[in-house]
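In what follows, a structure is listed as structure tokens, so that the remarks can point back to it.
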Amino acid sequence: MTNKRLIRPVAAVVAVAGTVLGLLTATSPASSGADGTGAAPATAPVTVCSAPPPGQLACQAQVMPDKSTAGLRTHTAKDSVALPDGYGPADIQSAYSLASAVEAHAGKGRTIGIVDANDAPTIEADLALYRSTYGLPACTTANGCFRKVNQRGDAAPLPAADPSWAVEISLDVDAVSAACPDCSILLVEADGAGVDALADSVDTAVRLGADAVSNSYSAAETAVTDDSSADGLPTRRASYAHPGVPILAASGDAGFQLDAPYPADLTSVIAVGGTSLARSDTARGWTETAWGPTQRPSGAGAACSAHIDKPAWQHDTACPGRTVTDVSADADPFTGLAVYDSTPDPADGLPGGWLRAGGTSAATPLVSAMYVMAGPAAAIKDASSLYAHRNNLNDVAGGQSVSIPGSGHECPATSYMCAALKGYDAPTGLGSPNGLTALKY
């Protein structure tokens, strides 16, 4: 990091969005139903975590309330009629060409670290039900596959329970299980959603042996900038820099933003954006487009940092700072994952049980698990290796612009900062994983 700062006033960033980005043009993608059918969705998703106050970060989970079912239900992996709504392990493994790696037990003996705030008191039992539903091997404290600790790395005392973050935690552990059934899971629960608590938890996850760390939360970078420091950069950057351990973070669910998301804006972090994933008759069997707004102001996070210099390995021309995102995966709640969380969340109208969930909170643990499956990451200290091996990713193009009308953060729908165009773009980065090759370096 150089000493020269790129601290740009909001007006200057608006100019970047409205003028410089407008120079990049392409045919506007045709809109279609977010469920891949062309039909308008019937119900808007619920944003599980509300906007955080300064110094706090919010989880990035979104849930379809009409796909939530109270209570325990009996399912078997062989009975497709009884399976819950949403994509399951077989879908994720097919979409991202992971089946052969799963058959070879990729990730066995390796650990994915998951950092979240507060406690999900029933998470181990919920995870057991999810995995038995899909015929996945048990992952428990008893067999050494699952471990839950506080931000200091101790089994007790755990932080206070929080129903919104419990949804996030369930989404994270189920997404990891779907992509990598043989990965061990280390869940680190921060005392709260403050910057320091979550950063300490990342350090703890690495100290306890995580091979990659998934962070499904964010806040606007100006809300966490340390004004007392000489460089004016976001605080606690060192906690998200662990060479040899990929650190991944969600790009956010608010579409294009003038205020970039932290910690995804950090150059040591692999920023994960979001797609809409649908079955198709293509050779791949799936199509992916940018996840854009439908019935509520949500979509894959994209931004140009006003505080972080552009890393040498990023070469897009419209953003003079760090561009978010690097890589992406399914995040659209309309094409979301089946998740089991038994903790009722009355504030969000979720009774506890099966639900269909998305947000970049889904994409981040998915890609994090794939990094663990890919093997030792001694040479990985940031996202640069992805840019060097971009041909091994699925280029994502098409879908809605993620610029949300009326948000005050609009940018031209023809710009790569707001729409998934051929090649690199901010909402989906370089694309989505096509097997593990691009993640091995």
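Starting from 1 in every chain, residues are counted up; chains themselves are A, B, ... following the order of the structure tokens, and ligands are numbered from 1 as listed.
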Shell around A:Ala254 at 12 Å using only C-alpha atoms, local window under 4 positions removed, as a ChimeraX atom specification: /A:47,50-51,58,60-62,218-220,250,258-261,273-274,291-294,296-303,332,359-360,401-405,407-410,418,427
Contact residues around A:Val188 with only C-alpha atoms at 7 Å, ignoring same-chain residues under 6 positions, as a PyMOL selection string: chain A and resi 114-116+148-151+201+205
Output the selection as a compact mmCIF listing (two decimals), in the first residue's frame - C-alpha atoms for each residue.
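Done, and the output landed in selection16.txt:
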# COMPACT_ATOMS: atom_id res chain seq x y z
CA ILE A 114 -16.72 -18.96 9.14
CA VAL A 115 -16.87 -15.64 10.99
CA ASP A 116 -20.21 -14.26 12.12
CA LYS A 148 -17.91 -23.55 17.49
CA VAL A 149 -15.91 -20.98 19.47
CA ASN A 150 -16.14 -17.38 20.61
CA GLN A 151 -13.94 -14.64 19.20
CA SER A 201 -12.60 -13.32 15.04
CA ALA A 205 -10.05 -18.41 12.78
Identify, on the basis of only C-alpha atoms, every residue whose closest approach to A:Ala347 does not exceed 10 Å; exclude the query and any residue fewer than 6 positions from it along the same chain; express the result as a PDB file with all heavy atoms, in the first residue's frame.
ATOM      1  N   VAL A  48     -32.313  -9.811   6.093  1.00  0.00           N
ATOM      2  CA  VAL A  48     -32.315 -10.323   7.460  1.00  0.00           C
ATOM      3  C   VAL A  48     -31.683  -9.335   8.446  1.00  0.00           C
ATOM      4  O   VAL A  48     -32.212  -9.122   9.538  1.00  0.00           O
ATOM      5  CB  VAL A  48     -31.606 -11.690   7.517  1.00  0.00           C
ATOM      6  CG1 VAL A  48     -31.471 -12.171   8.951  1.00  0.00           C
ATOM      7  CG2 VAL A  48     -32.372 -12.713   6.687  1.00  0.00           C
ATOM      8  N   PRO A 163     -31.457 -13.838  16.534  1.00  0.00           N
ATOM      9  CA  PRO A 163     -32.158 -14.617  15.501  1.00  0.00           C
ATOM     10  C   PRO A 163     -31.789 -14.227  14.071  1.00  0.00           C
ATOM     11  O   PRO A 163     -31.803 -15.083  13.181  1.00  0.00           O
ATOM     12  CB  PRO A 163     -33.639 -14.347  15.800  1.00  0.00           C
ATOM     13  CG  PRO A 163     -33.655 -13.089  16.596  1.00  0.00           C
ATOM     14  CD  PRO A 163     -32.395 -13.088  17.388  1.00  0.00           C
ATOM     15  N   SER A 164     -31.469 -12.961  13.836  1.00  0.00           N
ATOM     16  CA  SER A 164     -31.094 -12.563  12.476  1.00  0.00           C
ATOM     17  C   SER A 164     -29.746 -13.152  12.085  1.00  0.00           C
ATOM     18  O   SER A 164     -29.589 -13.719  11.003  1.00  0.00           O
ATOM     19  CB  SER A 164     -31.057 -11.033  12.370  1.00  0.00           C
ATOM     20  OG  SER A 164     -32.345 -10.478  12.547  1.00  0.00           O
TER      21      SER A 164
END
Separation of atom CA of A:Arg237 from atom CA of A:Ala199, in Å and rounded to one decimal: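 So the answer is 8.4 Å.
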Strand (DSSP E or B) per DSSP on the backbone: members of stretch 36-241 of chain A, as a ChimeraX atom specification: /A:46-47,56,58-59,62-70,87,111-117,119,146-150,161,184-190,194,212-215,217-220,225,234
Those of stretch 78-240 of chain A in DSSP helix (DSSP H, G or I), formatted as a ChimeraX atom specification: /A:89-95,99-103,123-133,163-179,195-207,221-223,237-240
Near-A:Trp354 list (12 Å; only C-alpha atoms; drop same-chain fewer than 2 positions) as a count of residues only: 40
For A:Ala362: contacts at 7 Å, only C-alpha atoms, fewer than 3 positions along chain excluded, given as a PyMOL selection string: chain A and resi 171-172+175+330-331+358-359+365-366
